[in-house]
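Peer 1: Here you go, this is run.tsv (TSV, C-alpha atoms).
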```tsv
chain	number	residue	atom	x	y	z
C	1	MET	CA	-42.68	35.68	-18.07
C	2	LYS	CA	-44.53	33.32	-20.31
C	3	SER	CA	-41.67	30.91	-20.88
C	4	TYR	CA	-41.12	30.91	-17.15
C	5	LYS	CA	-44.65	29.61	-16.72
C	6	PHE	CA	-44.09	26.88	-19.28
C	7	ARG	CA	-40.92	25.79	-17.57
C	8	GLN	CA	-42.67	25.81	-14.21
C	9	VAL	CA	-45.40	23.52	-15.55
C	10	ILE	CA	-42.92	21.08	-17.02
C	11	LYS	CA	-40.89	21.00	-13.85
C	12	GLU	CA	-43.99	20.32	-11.77
C	13	ASN	CA	-45.18	17.46	-13.91
C	14	VAL	CA	-41.90	15.70	-14.46
C	15	GLY	CA	-40.51	16.09	-10.97
C	16	VAL	CA	-42.18	17.47	-7.89
C	17	ASN	CA	-45.70	16.50	-8.81
C	18	ASN	CA	-44.99	13.47	-10.93
C	19	PRO	CA	-48.28	11.71	-11.64
C	20	VAL	CA	-46.97	8.22	-10.96
C	21	PHE	CA	-44.78	8.31	-7.91
C	22	VAL	CA	-46.08	11.42	-6.16
C	23	GLN	CA	-49.77	11.50	-6.97
C	24	ILE	CA	-50.03	7.71	-7.45
C	25	LEU	CA	-52.28	8.01	-10.48
C	26	GLY	CA	-52.49	5.76	-13.49
C	27	ILE	CA	-51.00	2.82	-11.67
C	28	CYS	CA	-52.98	0.16	-13.56
C	29	SER	CA	-51.14	0.55	-16.80
C	30	THR	CA	-47.87	1.32	-15.04
C	31	LEU	CA	-47.96	-2.21	-13.70
C	32	ALA	CA	-49.60	-3.97	-16.60
C	33	VAL	CA	-47.57	-2.99	-19.64
C	34	THR	CA	-44.09	-2.81	-18.15
C	35	ASN	CA	-43.05	-6.45	-18.61
C	36	VAL	CA	-41.58	-5.79	-22.05
C	37	LEU	CA	-39.86	-2.55	-23.06
C	38	LYS	CA	-41.33	-2.49	-26.58
C	39	ASN	CA	-44.94	-2.52	-25.38
C	40	THR	CA	-44.15	0.16	-22.83
C	41	ILE	CA	-42.82	2.58	-25.43
C	42	VAL	CA	-45.93	2.15	-27.56
C	43	MET	CA	-48.19	2.61	-24.56
C	44	CYS	CA	-46.32	5.74	-23.46
C	45	ALA	CA	-46.49	7.27	-26.91
C	46	GLY	CA	-50.23	6.65	-26.94
C	47	LEU	CA	-50.66	8.19	-23.54
C	48	VAL	CA	-48.61	11.30	-24.31
C	49	PHE	CA	-50.67	11.81	-27.48
C	50	VAL	CA	-53.96	11.45	-25.64
C	51	THR	CA	-53.07	13.61	-22.62
C	52	GLY	CA	-51.65	16.39	-24.75
C	53	LEU	CA	-54.48	16.64	-27.23
C	54	SER	CA	-57.33	16.02	-24.82
C	55	ASN	CA	-55.94	18.73	-22.55
C	56	LEU	CA	-55.77	21.08	-25.52
C	57	THR	CA	-59.33	20.30	-26.60
C	58	VAL	CA	-60.78	20.59	-23.13
C	59	SER	CA	-59.03	23.90	-22.71
C	60	ILE	CA	-60.36	25.25	-26.01
C	61	LEU	CA	-63.89	24.18	-25.13
C	62	ARG	CA	-63.72	25.16	-21.48
C	63	LYS	CA	-65.87	28.28	-21.84
C	64	TYR	CA	-68.64	26.46	-23.69
C	65	MET	CA	-68.96	23.47	-21.39
C	66	PRO	CA	-71.81	23.52	-18.89
C	67	GLY	CA	-70.46	22.68	-15.46
C	68	ARG	CA	-72.83	19.86	-14.71
C	69	ILE	CA	-71.98	17.68	-17.67
C	70	ARG	CA	-68.31	18.55	-18.01
C	71	MET	CA	-67.17	15.13	-16.77
C	72	MET	CA	-69.11	13.43	-19.51
C	73	VAL	CA	-67.80	15.81	-22.15
C	74	GLU	CA	-64.23	15.29	-20.99
C	75	THR	CA	-64.68	11.52	-21.04
C	76	LEU	CA	-66.00	11.66	-24.58
C	77	ILE	CA	-63.11	13.84	-25.75
C	78	ILE	CA	-60.62	11.45	-24.19
C	79	ALA	CA	-62.42	8.44	-25.64
C	80	ALA	CA	-62.32	9.94	-29.11
C	81	TYR	CA	-58.54	10.34	-28.97
C	82	VAL	CA	-58.11	6.87	-27.52
C	83	ILE	CA	-60.06	5.43	-30.45
C	84	ILE	CA	-57.67	7.19	-32.83
C	85	VAL	CA	-54.72	5.62	-31.01
C	86	ASP	CA	-56.37	2.21	-31.00
C	87	VAL	CA	-57.19	2.26	-34.71
C	88	ALA	CA	-53.70	3.48	-35.57
C	89	LEU	CA	-52.04	0.75	-33.50
C	90	LYS	CA	-54.24	-1.93	-35.06
C	91	ALA	CA	-53.33	-0.72	-38.52
C	92	PHE	CA	-49.59	-0.21	-38.13
C	93	ILE	CA	-48.36	-2.55	-35.41
C	94	PRO	CA	-51.05	-5.24	-35.02
C	95	ASP	CA	-49.05	-7.68	-32.91
C	96	ILE	CA	-48.14	-5.12	-30.24
C	97	SER	CA	-51.75	-3.95	-30.29
C	98	ARG	CA	-52.83	-7.53	-29.58
C	99	GLN	CA	-50.36	-7.86	-26.71
C	100	LEU	CA	-51.51	-4.63	-25.12
C	101	GLY	CA	-55.07	-5.96	-25.37
C	102	PRO	CA	-57.56	-3.96	-23.34
C	103	TYR	CA	-54.95	-1.65	-21.84
C	104	VAL	CA	-55.06	0.73	-24.79
C	105	GLY	CA	-58.79	1.17	-24.22
C	106	LEU	CA	-58.13	1.62	-20.56
C	107	ILE	CA	-56.24	4.84	-21.28
C	108	ILE	CA	-59.75	6.34	-21.10
C	109	THR	CA	-60.05	5.61	-17.43
C	110	ASN	CA	-56.43	6.47	-16.73
C	111	CYS	CA	-56.80	8.94	-13.91
C	112	ILE	CA	-53.85	11.05	-15.05
C	113	ILE	CA	-55.67	12.32	-18.12
C	114	MET	CA	-58.93	13.01	-16.35
C	115	GLY	CA	-57.01	14.59	-13.49
C	116	ARG	CA	-55.10	16.97	-15.75
C	117	ALA	CA	-58.25	17.91	-17.65
C	118	GLU	CA	-60.12	18.62	-14.42
C	119	ALA	CA	-57.37	20.29	-12.51
C	120	PHE	CA	-55.53	22.18	-15.20
C	121	ALA	CA	-57.16	22.45	-18.61
C	122	LEU	CA	-60.42	23.80	-17.23
C	123	ALA	CA	-58.66	26.84	-15.83
C	124	ASN	CA	-55.84	27.59	-18.26
C	125	PRO	CA	-55.36	28.73	-21.87
C	126	PRO	CA	-54.87	26.13	-24.63
C	127	GLY	CA	-51.13	26.55	-25.18
C	128	LEU	CA	-50.23	26.11	-21.57
C	129	SER	CA	-52.66	23.19	-21.27
C	130	LEU	CA	-51.06	21.41	-24.19
C	131	VAL	CA	-47.65	21.74	-22.58
C	132	ASP	CA	-49.08	20.57	-19.28
C	133	GLY	CA	-50.66	17.51	-20.87
C	134	LEU	CA	-47.52	16.58	-22.79
C	135	SER	CA	-45.24	17.05	-19.81
C	136	SER	CA	-47.39	15.03	-17.44
C	137	GLY	CA	-47.47	12.34	-20.12
C	138	LEU	CA	-43.67	12.48	-20.20
C	139	GLY	CA	-43.49	12.36	-16.41
C	140	TYR	CA	-45.50	9.17	-16.60
C	141	SER	CA	-43.49	7.77	-19.47
C	142	TYR	CA	-40.02	7.96	-18.02
C	143	VAL	CA	-41.10	6.21	-14.83
C	144	LEU	CA	-42.65	3.43	-16.90
C	145	LEU	CA	-39.57	3.12	-19.07
C	146	ILE	CA	-37.27	2.76	-16.07
C	147	ILE	CA	-39.52	0.11	-14.52
C	148	ALA	CA	-39.93	-1.73	-17.82
C	149	PHE	CA	-36.18	-1.67	-18.43
C	150	LEU	CA	-35.46	-3.24	-15.05
C	151	ARG	CA	-38.27	-5.77	-15.30
C	152	GLU	CA	-37.30	-6.95	-18.76
C	153	LEU	CA	-33.62	-7.08	-17.84
C	154	LEU	CA	-34.18	-9.13	-14.69
C	155	GLY	CA	-37.15	-11.11	-15.92
C	156	SER	CA	-35.96	-12.22	-19.32
C	157	GLY	CA	-32.32	-11.14	-19.40
C	158	SER	CA	-32.97	-9.03	-22.45
C	159	ILE	CA	-33.52	-5.45	-23.55
C	160	TRP	CA	-35.78	-4.63	-26.47
C	161	GLY	CA	-36.07	-8.36	-27.13
C	162	LEU	CA	-32.29	-8.80	-27.53
C	163	ARG	CA	-30.56	-11.01	-25.02
C	164	VAL	CA	-27.92	-8.94	-23.27
C	165	LEU	CA	-27.12	-11.01	-20.24
C	166	GLY	CA	-25.16	-14.14	-21.04
C	167	GLU	CA	-26.03	-17.78	-20.54
C	168	TRP	CA	-25.03	-17.59	-16.88
C	169	TRP	CA	-28.05	-15.45	-16.11
C	170	VAL	CA	-31.03	-17.23	-14.59
C	171	ASN	CA	-34.24	-15.39	-15.36
C	172	TRP	CA	-36.20	-14.06	-12.44
C	173	ASN	CA	-39.57	-15.28	-13.63
C	174	ILE	CA	-41.31	-13.42	-10.86
C	175	MET	CA	-40.32	-10.13	-12.45
C	176	ILE	CA	-42.50	-10.65	-15.52
C	177	MET	CA	-45.40	-11.94	-13.45
C	178	ALA	CA	-47.84	-9.91	-11.40
C	179	PRO	CA	-46.06	-9.73	-8.01
C	180	GLY	CA	-42.84	-8.51	-9.61
C	181	ALA	CA	-44.63	-5.46	-10.95
C	182	PHE	CA	-45.95	-4.54	-7.52
C	183	PHE	CA	-42.56	-4.98	-5.87
C	184	MET	CA	-40.74	-3.06	-8.56
C	185	LEU	CA	-43.06	-0.07	-8.37
C	186	ALA	CA	-42.94	-0.12	-4.56
C	187	LEU	CA	-39.13	-0.15	-4.68
C	188	PHE	CA	-39.13	2.72	-7.15
C	189	ILE	CA	-41.42	4.80	-4.98
C	190	TRP	CA	-39.32	3.94	-1.94
C	191	VAL	CA	-36.09	5.04	-3.56
C	192	VAL	CA	-37.52	8.28	-4.92
C	193	LYS	CA	-39.51	9.24	-1.88
C	194	GLY	CA	-36.80	8.22	0.54
C	195	SER	CA	-34.00	10.09	-1.16
C	196	PHE	CA	-35.64	13.22	-2.59
C	197	MET	CA	-38.62	14.04	-0.48
C	198	LYS	CA	-37.36	14.17	3.06
C	199	GLU	CA	-38.22	17.83	3.49
C	200	ARG	CA	-41.83	17.46	2.44
C	201	PRO	CA	-43.41	14.89	4.73
C	202	GLY	CA	-46.89	13.72	3.82
C	203	ALA	CA	-46.41	14.67	0.20
C	204	ALA	CA	-49.98	14.26	-0.92
C	205	PRO	CA	-51.29	10.80	-1.55
C	206	ALA	CA	-53.80	12.82	-3.55
C	207	ALA	CA	-57.27	11.43	-3.76
C	208	LYS	CA	-58.58	10.86	-7.23
C	209	PRO	CA	-59.54	14.30	-8.52
C	210	ALA	CA	-62.35	12.85	-10.59
C	211	ALA	CA	-64.06	11.50	-7.50
C	212	ALA	CA	-65.22	14.79	-6.12
C	213	GLY	CA	-66.44	16.19	-9.40
C	214	GLY	CA	-68.29	13.05	-10.38
C	215	LYS	CA	-71.13	13.55	-8.00
C	216	SER	CA	-73.04	16.18	-9.84
A	1	MET	CA	-67.30	-28.71	-21.64
A	2	THR	CA	-70.93	-27.77	-21.37
A	3	GLU	CA	-71.95	-24.14	-21.34
A	4	GLY	CA	-73.01	-24.05	-17.70
A	5	LEU	CA	-69.88	-25.75	-16.50
A	6	PHE	CA	-67.72	-23.42	-18.56
A	7	ALA	CA	-69.48	-20.39	-17.09
A	8	PHE	CA	-68.87	-21.75	-13.61
A	9	GLY	CA	-65.21	-22.23	-14.48
A	10	VAL	CA	-64.96	-18.66	-15.70
A	11	PHE	CA	-66.63	-17.40	-12.54
A	12	PHE	CA	-64.21	-19.30	-10.34
A	13	ALA	CA	-61.17	-18.35	-12.36
A	14	ALA	CA	-62.14	-14.68	-12.28
A	15	ILE	CA	-62.20	-14.75	-8.49
A	16	PHE	CA	-59.04	-16.71	-7.79
A	17	THR	CA	-56.63	-17.54	-10.57
A	18	ASN	CA	-57.24	-14.51	-12.79
A	19	ASN	CA	-58.12	-11.98	-10.13
A	20	ILE	CA	-58.73	-8.74	-11.95
A	21	LEU	CA	-56.84	-6.67	-9.41
A	22	LEU	CA	-53.90	-8.87	-8.58
A	23	THR	CA	-53.11	-10.34	-11.99
A	24	ASN	CA	-54.52	-7.71	-14.36
A	25	TYR	CA	-53.83	-4.68	-12.14
A	26	LEU	CA	-57.18	-3.06	-12.82
A	27	GLY	CA	-58.83	-0.73	-10.36
A	28	MET	CA	-55.55	0.10	-8.65
A	29	CYS	CA	-56.34	3.79	-8.14
A	30	SER	CA	-59.32	3.27	-5.89
A	31	PHE	CA	-57.66	0.20	-4.43
A	32	LEU	CA	-54.77	2.32	-3.18
A	33	ALA	CA	-56.85	5.32	-2.16
A	34	VAL	CA	-59.85	3.74	-0.46
A	35	SER	CA	-58.36	0.72	1.30
A	36	LYS	CA	-57.61	2.59	4.51
A	37	GLU	CA	-60.77	1.58	6.34
A	38	LEU	CA	-62.50	-1.76	6.46
A	39	LYS	CA	-66.02	-0.42	6.39
A	40	THR	CA	-65.51	1.87	3.40
A	41	SER	CA	-63.70	-0.84	1.48
A	42	ALA	CA	-66.55	-3.26	2.09
A	43	GLY	CA	-69.04	-0.68	0.80
A	44	LEU	CA	-67.00	0.02	-2.30
A	45	GLY	CA	-66.50	-3.71	-2.84
A	46	MET	CA	-70.24	-4.36	-2.77
A	47	ALA	CA	-70.91	-1.48	-5.16
A	48	VAL	CA	-68.27	-2.80	-7.57
A	49	ILE	CA	-69.73	-6.32	-7.52
A	50	PHE	CA	-73.17	-4.97	-8.34
A	51	VAL	CA	-72.16	-2.52	-11.03
A	52	MET	CA	-69.67	-4.86	-12.68
A	53	THR	CA	-72.19	-7.70	-12.95
A	54	CYS	CA	-74.88	-5.51	-14.46
A	55	THR	CA	-72.65	-3.50	-16.80
A	56	SER	CA	-70.96	-6.59	-18.25
A	57	ALA	CA	-74.40	-7.98	-19.07
A	58	ILE	CA	-75.55	-4.72	-20.67
A	59	ASN	CA	-72.29	-4.22	-22.51
A	60	TRP	CA	-72.46	-7.76	-23.87
A	61	LEU	CA	-75.89	-7.01	-25.30
A	62	VAL	CA	-74.80	-3.64	-26.67
A	63	TYR	CA	-71.71	-5.16	-28.27
A	64	HIS	CA	-73.41	-8.13	-29.91
A	65	TYR	CA	-76.72	-6.54	-30.90
A	66	VAL	CA	-75.70	-2.98	-31.73
A	67	LEU	CA	-71.99	-2.64	-32.43
A	68	VAL	CA	-71.39	-5.86	-34.36
A	69	PRO	CA	-74.46	-5.74	-36.68
A	70	TYR	CA	-73.78	-2.13	-37.63
A	71	ASP	CA	-70.06	-2.79	-38.00
A	72	ILE	CA	-68.99	-0.03	-35.64
A	73	VAL	CA	-66.91	-2.14	-33.28
A	74	TYR	CA	-64.22	0.55	-33.15
A	75	LEU	CA	-66.68	2.72	-31.23
A	76	ARG	CA	-66.81	0.20	-28.39
A	77	PHE	CA	-64.82	2.36	-25.94
A	78	ILE	CA	-67.30	5.21	-26.21
A	79	ALA	CA	-70.30	2.86	-26.10
A	80	PHE	CA	-69.03	1.04	-23.00
A	81	ILE	CA	-68.09	4.15	-21.07
A	82	ILE	CA	-71.46	5.73	-21.79
A	83	VAL	CA	-73.29	2.58	-20.70
A	84	ILE	CA	-71.30	2.50	-17.48
A	85	ALA	CA	-71.77	6.19	-16.70
A	86	ALA	CA	-75.48	6.08	-17.48
A	87	PHE	CA	-76.02	2.91	-15.50
A	88	VAL	CA	-74.23	4.27	-12.46
A	89	GLN	CA	-76.23	7.49	-12.59
A	90	LEU	CA	-79.48	5.55	-12.92
A	91	VAL	CA	-78.68	3.26	-10.03
A	92	GLU	CA	-77.77	6.23	-7.89
A	93	MET	CA	-81.14	7.86	-8.54
A	94	VAL	CA	-83.09	4.65	-7.94
A	95	ILE	CA	-81.30	3.88	-4.71
A	96	GLU	CA	-81.80	7.43	-3.49
A	97	ARG	CA	-85.58	7.07	-3.93
A	98	LEU	CA	-85.98	3.56	-2.66
A	99	SER	CA	-83.88	3.15	0.42
A	100	ASP	CA	-82.06	5.56	2.66
A	101	ALA	CA	-80.07	2.83	4.33
A	102	LEU	CA	-78.82	1.43	1.04
A	103	TYR	CA	-78.03	4.92	-0.22
A	104	ALA	CA	-76.01	5.67	2.87
A	105	ALA	CA	-74.11	2.41	2.40
A	106	LEU	CA	-73.48	2.51	-1.36
A	107	GLY	CA	-74.48	5.95	-2.62
A	108	ILE	CA	-71.24	7.79	-2.06
A	109	PHE	CA	-69.25	5.10	-3.84
A	110	LEU	CA	-71.22	5.04	-7.04
A	111	PRO	CA	-69.70	8.16	-8.68
A	112	LEU	CA	-66.24	6.80	-7.87
A	113	ILE	CA	-67.07	3.70	-9.83
A	114	THR	CA	-67.62	5.37	-13.18
A	115	VAL	CA	-63.93	6.11	-13.35
A	116	ASN	CA	-62.86	2.76	-11.96
A	117	CYS	CA	-60.88	1.09	-14.71
A	118	ALA	CA	-61.79	-2.38	-13.47
A	119	ILE	CA	-65.37	-1.94	-14.66
A	120	LEU	CA	-64.40	-0.91	-18.17
A	121	GLY	CA	-61.60	-3.47	-18.14
A	122	ALA	CA	-63.95	-6.32	-17.31
A	123	SER	CA	-66.16	-5.43	-20.26
A	124	LEU	CA	-63.19	-5.15	-22.60
A	125	PHE	CA	-61.72	-8.49	-21.47
A	126	MET	CA	-65.12	-10.10	-21.90
A	127	VAL	CA	-65.34	-8.89	-25.49
A	128	ILE	CA	-61.74	-9.78	-26.36
A	129	ARG	CA	-62.11	-13.31	-24.99
A	130	GLU	CA	-65.39	-13.80	-26.86
A	131	TYR	CA	-67.45	-15.10	-23.99
A	132	THR	CA	-71.08	-16.08	-24.44
A	133	PHE	CA	-73.71	-14.12	-22.56
A	134	VAL	CA	-73.82	-16.49	-19.59
A	135	SER	CA	-70.06	-16.75	-19.20
A	136	GLY	CA	-69.73	-13.01	-19.68
A	137	LEU	CA	-72.14	-12.48	-16.83
A	138	ALA	CA	-70.23	-15.03	-14.75
A	139	TYR	CA	-66.98	-13.26	-15.59
A	140	GLY	CA	-68.38	-9.88	-14.53
A	141	ALA	CA	-69.72	-11.22	-11.24
A	142	GLY	CA	-66.54	-13.19	-10.54
A	143	SER	CA	-64.27	-10.24	-11.25
A	144	GLY	CA	-66.35	-8.03	-8.98
A	145	ILE	CA	-66.18	-10.54	-6.16
A	146	GLY	CA	-62.46	-11.03	-6.70
A	147	TRP	CA	-61.87	-7.28	-6.56
A	148	ALA	CA	-63.97	-6.96	-3.41
A	149	ILE	CA	-62.09	-9.80	-1.70
A	150	ALA	CA	-58.77	-8.16	-2.54
A	151	ILE	CA	-59.72	-4.69	-1.27
A	152	ILE	CA	-61.33	-5.99	1.92
A	153	ALA	CA	-58.31	-8.14	2.70
A	154	MET	CA	-56.04	-5.17	2.04
A	155	ALA	CA	-58.06	-2.92	4.33
A	156	GLY	CA	-57.82	-5.50	7.10
A	157	ILE	CA	-54.06	-5.78	6.69
A	158	ARG	CA	-53.60	-2.00	6.61
A	159	ALA	CA	-55.65	-1.59	9.78
A	160	LYS	CA	-53.28	-3.98	11.56
A	161	LEU	CA	-50.30	-2.29	10.01
A	162	ASN	CA	-51.26	1.11	11.39
A	163	VAL	CA	-51.35	-0.21	14.92
A	164	ARG	CA	-48.16	-2.08	15.34
A	165	SER	CA	-45.53	-1.48	12.73
A	166	LYS	CA	-42.91	1.07	11.93
A	167	VAL	CA	-42.78	1.62	8.21
A	168	PRO	CA	-39.76	3.51	6.82
A	169	PHE	CA	-40.71	7.00	5.63
A	170	GLY	CA	-40.15	6.32	1.95
A	171	LEU	CA	-42.51	3.39	1.99
A	172	THR	CA	-45.40	4.97	3.85
A	173	GLY	CA	-48.69	5.26	2.02
A	174	ALA	CA	-48.58	3.88	-1.48
A	175	GLY	CA	-45.25	2.09	-1.16
A	176	ILE	CA	-46.19	-0.27	1.60
A	177	THR	CA	-49.62	-0.86	0.06
A	178	LEU	CA	-47.96	-1.96	-3.16
A	179	VAL	CA	-45.63	-4.29	-1.28
A	180	ILE	CA	-48.61	-5.85	0.47
A	181	ALA	CA	-50.45	-6.13	-2.84
A	182	GLY	CA	-47.40	-7.89	-4.26
A	183	ILE	CA	-47.39	-10.39	-1.42
A	184	MET	CA	-51.11	-10.90	-1.89
A	185	ALA	CA	-50.54	-11.51	-5.58
A	186	LEU	CA	-47.91	-14.10	-4.65
A	187	ALA	CA	-50.43	-15.79	-2.38
A	188	PHE	CA	-53.06	-15.78	-5.10
A	189	MET	CA	-50.56	-17.41	-7.45
A	190	GLY	CA	-51.00	-20.43	-5.20
A	191	PHE	CA	-54.37	-20.89	-6.86
A	192	ALA	CA	-52.79	-21.07	-10.31
A	193	GLY	CA	-53.21	-24.38	-12.03
A	194	MET	CA	-56.42	-25.11	-10.15
A	195	ILE	CA	-58.29	-23.88	-13.17
A	196	THR	CA	-57.07	-22.25	-16.35
A	197	ILE	CA	-59.11	-19.97	-18.48
A	198	THR	CA	-58.04	-17.65	-21.21
```
Can you turn what I pasted into structure tokens?

Peer 2:
Amino acid sequence: MKSYKFRQVIKENVGVNNPVFVQILGICSTLAVTNVLKNTIVMCAGLVFVTGLSNLTVSILRKYMPGRIRMMVETLIIAAYVIIVDVALKAFIPDISRQLGPYVGLIITNCIIMGRAEAFALANPPGLSLVDGLSSGLGYSYVLLIIAFLRELLGSGSIWGLRVLGEWWVNWNIMIMAPGAFFMLALFIWVVKGSFMKERPGAAPAAKPAAAGGKS
Amino acid sequence: MTEGLFAFGVFFAAIFTNNILLTNYLGMCSFLAVSKELKTSAGLGMAVIFVMTCTSAINWLVYHYVLVPYDIVYLRFIAFIIVIAAFVQLVEMVIERLSDALYAALGIFLPLITVNCAILGASLFMVIREYTFVSGLAYGAGSGIGWAIAIIAMAGIRAKLNVRSKVPFGLTGAGITLVIAGIMALAFMGFAGMITIT
């Protein structure tokens, strides 16, 4: 029974209710950090860490949090974990940390994390919440990795900084610039939605969950 | 370059060449969700301009007079997000008291703004690029205006799109909005080279 629940949660977050291409959350960083595969991996690891642990913490504290200030408490919990990630990145991989710039800090306002905390962790036990956080982080990560792979391949002819396409390849500069990111994500959503979601029309362009709760 | 001129350059660059939405991808969530109607987008745009200008000024002061002297720069994320949340709450209360018309126009958008990553992003960029107070203020105002221009233009385009075009099922909603945003980003790249600011 219990493992069934866990599997259900993972399936939801990675597939049917994927945060990026179904709920359209956390798009900022999806577009911003996907020009080079290396940065994307670091960003994804940071995000998985933060979603998992902030979901766990929110869930543990859920009975002690007054309803009116819960948004603020959640934000502070998330911010604390993001600071851990930021300090760790600065210490161990300073040059990637510099390239990511403000986007590590912007994990705080990434709607996926807030959304999971609001929608899931507030109503479920810690173990399940941790799994939910980790799996929605993974659902986000694999989409980013696919996009980053394609953008780096087409934009610089390389993967992980190694040139894989020969001299004949002319780089599509547009792919590493801003418009390329928009087109790539749109294409991705088109392919996924067009081929897998025929039977569920109007599959929830969900409004930001934080929006409703914020007005307390 | 003199200080005033530099600030003007930053202001201009933030609107056109380094548009916070179209080149730094910040504030995409509300951009995709709220850009369905022209009137709502205009309201949100105005609220973002106002909040972004004020919070970048406050955050500059907090960063340079509190965080740096006490050597607690690593706490900047928490400090900034608290400043933003508190400021938004305060503005909401003041507007509610002072003017019903203004509250009806902006009030409902203010809570949305606390979680808008563009606001936090503008403050973080300002700190990373080490702007002075005046250019930081100019950057905040310029980014807000740039964001508002982008969302209003998008709402106009989407209104037209609803009337007369057949979008394939897979692209409806977010997909087509992203394609339009991409084309808009291409158009804004036309401004590149007019002014460069890092």

Peer 1: With the cut-off set at 8 Å and counting all atoms listed in the file, tabulate each residue of chain A with an atom at most that distance from an atom of chain C, showing the nearest atom pair and its distance in Å to one decimal, ordered by chain and increasing number, as a tab-separated table.

Peer 2:
```
residue	atom	partner	partner_atom	distance
A:Leu22	CA	C:Ala178	CA	6.8
A:Thr23	CA	C:Ala178	CA	5.3
A:Asn24	CA	C:Ala32	CA	6.6
A:Tyr25	CA	C:Cys28	CA	5.1
A:Leu26	CA	C:Cys28	CA	5.3
A:Gly27	CA	C:Cys28	CA	6.7
A:Met28	CA	C:Cys28	CA	5.5
A:Cys29	CA	C:Leu25	CA	6.3
A:Ser30	CA	C:Lys208	CA	7.7
A:Ala33	CA	C:Ala207	CA	6.3
A:Tyr74	CA	C:Ile83	CA	7.0
A:Leu75	CA	C:Ile83	CA	7.2
A:Phe77	CA	C:Gly105	CA	6.4
A:Ile78	CA	C:Ala79	CA	5.9
A:Pro111	CA	C:Gly214	CA	5.4
A:Leu112	CA	C:Ala211	CA	5.2
A:Val115	CA	C:Thr109	CA	5.7
A:Asn116	CA	C:Thr109	CA	6.8
A:Cys117	CA	C:Thr109	CA	5.3
A:Leu120	CA	C:Leu106	CA	7.2
A:Gly121	CA	C:Pro102	CA	6.6
A:Leu124	CA	C:Pro102	CA	5.8
A:Phe125	CA	C:Pro102	CA	6.4
A:Ile128	CA	C:Gly101	CA	7.7
A:Phe169	CA	C:Gly194	CA	6.5
A:Gly170	CA	C:Gly194	CA	4.1
A:Leu171	CA	C:Trp190	CA	5.1
A:Gly173	CA	C:Pro205	CA	7.1
A:Ala174	CA	C:Ile24	CA	7.2
A:Gly175	CA	C:Ala186	CA	4.7
A:Ile176	CA	C:Ala186	CA	7.0
A:Leu178	CA	C:Phe182	CA	5.5
A:Val179	CA	C:Phe183	CA	5.6
A:Ala181	CA	C:Phe182	CA	6.7
A:Gly182	CA	C:Pro179	CA	4.4
A:Ile183	CA	C:Pro179	CA	6.8
A:Ala185	CA	C:Pro179	CA	5.4
A:Leu186	CA	C:Pro179	CA	5.8
```

Peer 1: Which distance in Å separates atom CA of A:Val66 and atom CA of A:Val83, to one decimal?

Peer 2: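 Between these atoms lies a distance of 12.6 Å.
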
Peer 1: Do a neighbour search on C:Ser158 at 12 Å with all atoms listed in the file, toss out local chain neighbours closer than 2 positions, and write the hits as a PyMOL selection string.

Peer 2: chain C and resi 35-38+148-156+160-167+169-172+176

Peer 1: What's the separation between atom CA of C:Thr51 and atom CA of C:Leu138, in Å to one decimal place?

Peer 2: 9.8 Å

Peer 1: Atom CA of C:Gly133 and atom CA of C:Ala45, how far apart in Å?

Peer 2: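 Between atom CA of C:Ala45 and atom CA of C:Gly133 the gap works out to 12.6 Å.
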
Peer 1: Give me the residues within 9 Å of A:Asn59 as a count of residues only, counting only C-alpha atoms and dropping any in the same chain fewer than 4 places off.

Peer 2: 10

Peer 1: Distance cut-off 6 Å, centre (-61.8, -5.8, -14.1) in file coordinates, counting only C-alpha atoms: which residues qualify? Return them as a list in words.

Peer 2: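 Using only C-alpha atoms, the matching residues come out as Ile20, Leu26, Ala118, Ile119, Gly121, Ala122 and Ser143 of chain A.
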
Peer 1: Restricting it to C-alpha atoms, dump the selection as an mmCIF file, in the frame of the given file.

Peer 2:
```cif
data_model
loop_
_atom_site.group_PDB
_atom_site.id
_atom_site.type_symbol
_atom_site.label_atom_id
_atom_site.label_comp_id
_atom_site.auth_asym_id
_atom_site.auth_seq_id
_atom_site.Cartn_x
_atom_site.Cartn_y
_atom_site.Cartn_z
ATOM 1 C CA ILE A 20 -58.730 -8.740 -11.950
ATOM 2 C CA LEU A 26 -57.180 -3.060 -12.820
ATOM 3 C CA ALA A 118 -61.790 -2.380 -13.470
ATOM 4 C CA ILE A 119 -65.370 -1.940 -14.660
ATOM 5 C CA GLY A 121 -61.600 -3.470 -18.140
ATOM 6 C CA ALA A 122 -63.950 -6.320 -17.310
ATOM 7 C CA SER A 143 -64.270 -10.240 -11.250
#
```

Peer 1: With the cut-off set at 12 Å and counting only C-alpha atoms, tabulate each residue of stretch 83-159 of chain C with an atom at most that distance from an atom of stretch 15-20 of chain C, showing the nearest atom pair and its distance in Å to one decimal, ordered by chain and increasing number, as a Markdown table.

Peer 2:
```
| residue | atom | partner | partner_atom | distance |
| --- | --- | --- | --- | --- |
| C:Asn110 | CA | C:Pro19 | CA | 10.9 |
| C:Cys111 | CA | C:Pro19 | CA | 9.2 |
| C:Ile112 | CA | C:Pro19 | CA | 6.6 |
| C:Ile113 | CA | C:Pro19 | CA | 9.8 |
| C:Met114 | CA | C:Pro19 | CA | 11.7 |
| C:Gly115 | CA | C:Pro19 | CA | 9.4 |
| C:Arg116 | CA | C:Pro19 | CA | 9.5 |
| C:Asp132 | CA | C:Asn18 | CA | 11.7 |
| C:Gly133 | CA | C:Pro19 | CA | 11.2 |
| C:Ser135 | CA | C:Asn18 | CA | 9.6 |
| C:Ser136 | CA | C:Pro19 | CA | 6.7 |
| C:Gly137 | CA | C:Pro19 | CA | 8.5 |
| C:Leu138 | CA | C:Asn18 | CA | 9.4 |
| C:Gly139 | CA | C:Asn18 | CA | 5.8 |
| C:Tyr140 | CA | C:Val20 | CA | 5.9 |
| C:Ser141 | CA | C:Val20 | CA | 9.2 |
| C:Tyr142 | CA | C:Val20 | CA | 9.9 |
| C:Val143 | CA | C:Val20 | CA | 7.3 |
| C:Leu144 | CA | C:Val20 | CA | 8.8 |
| C:Ile147 | CA | C:Val20 | CA | 11.6 |
```
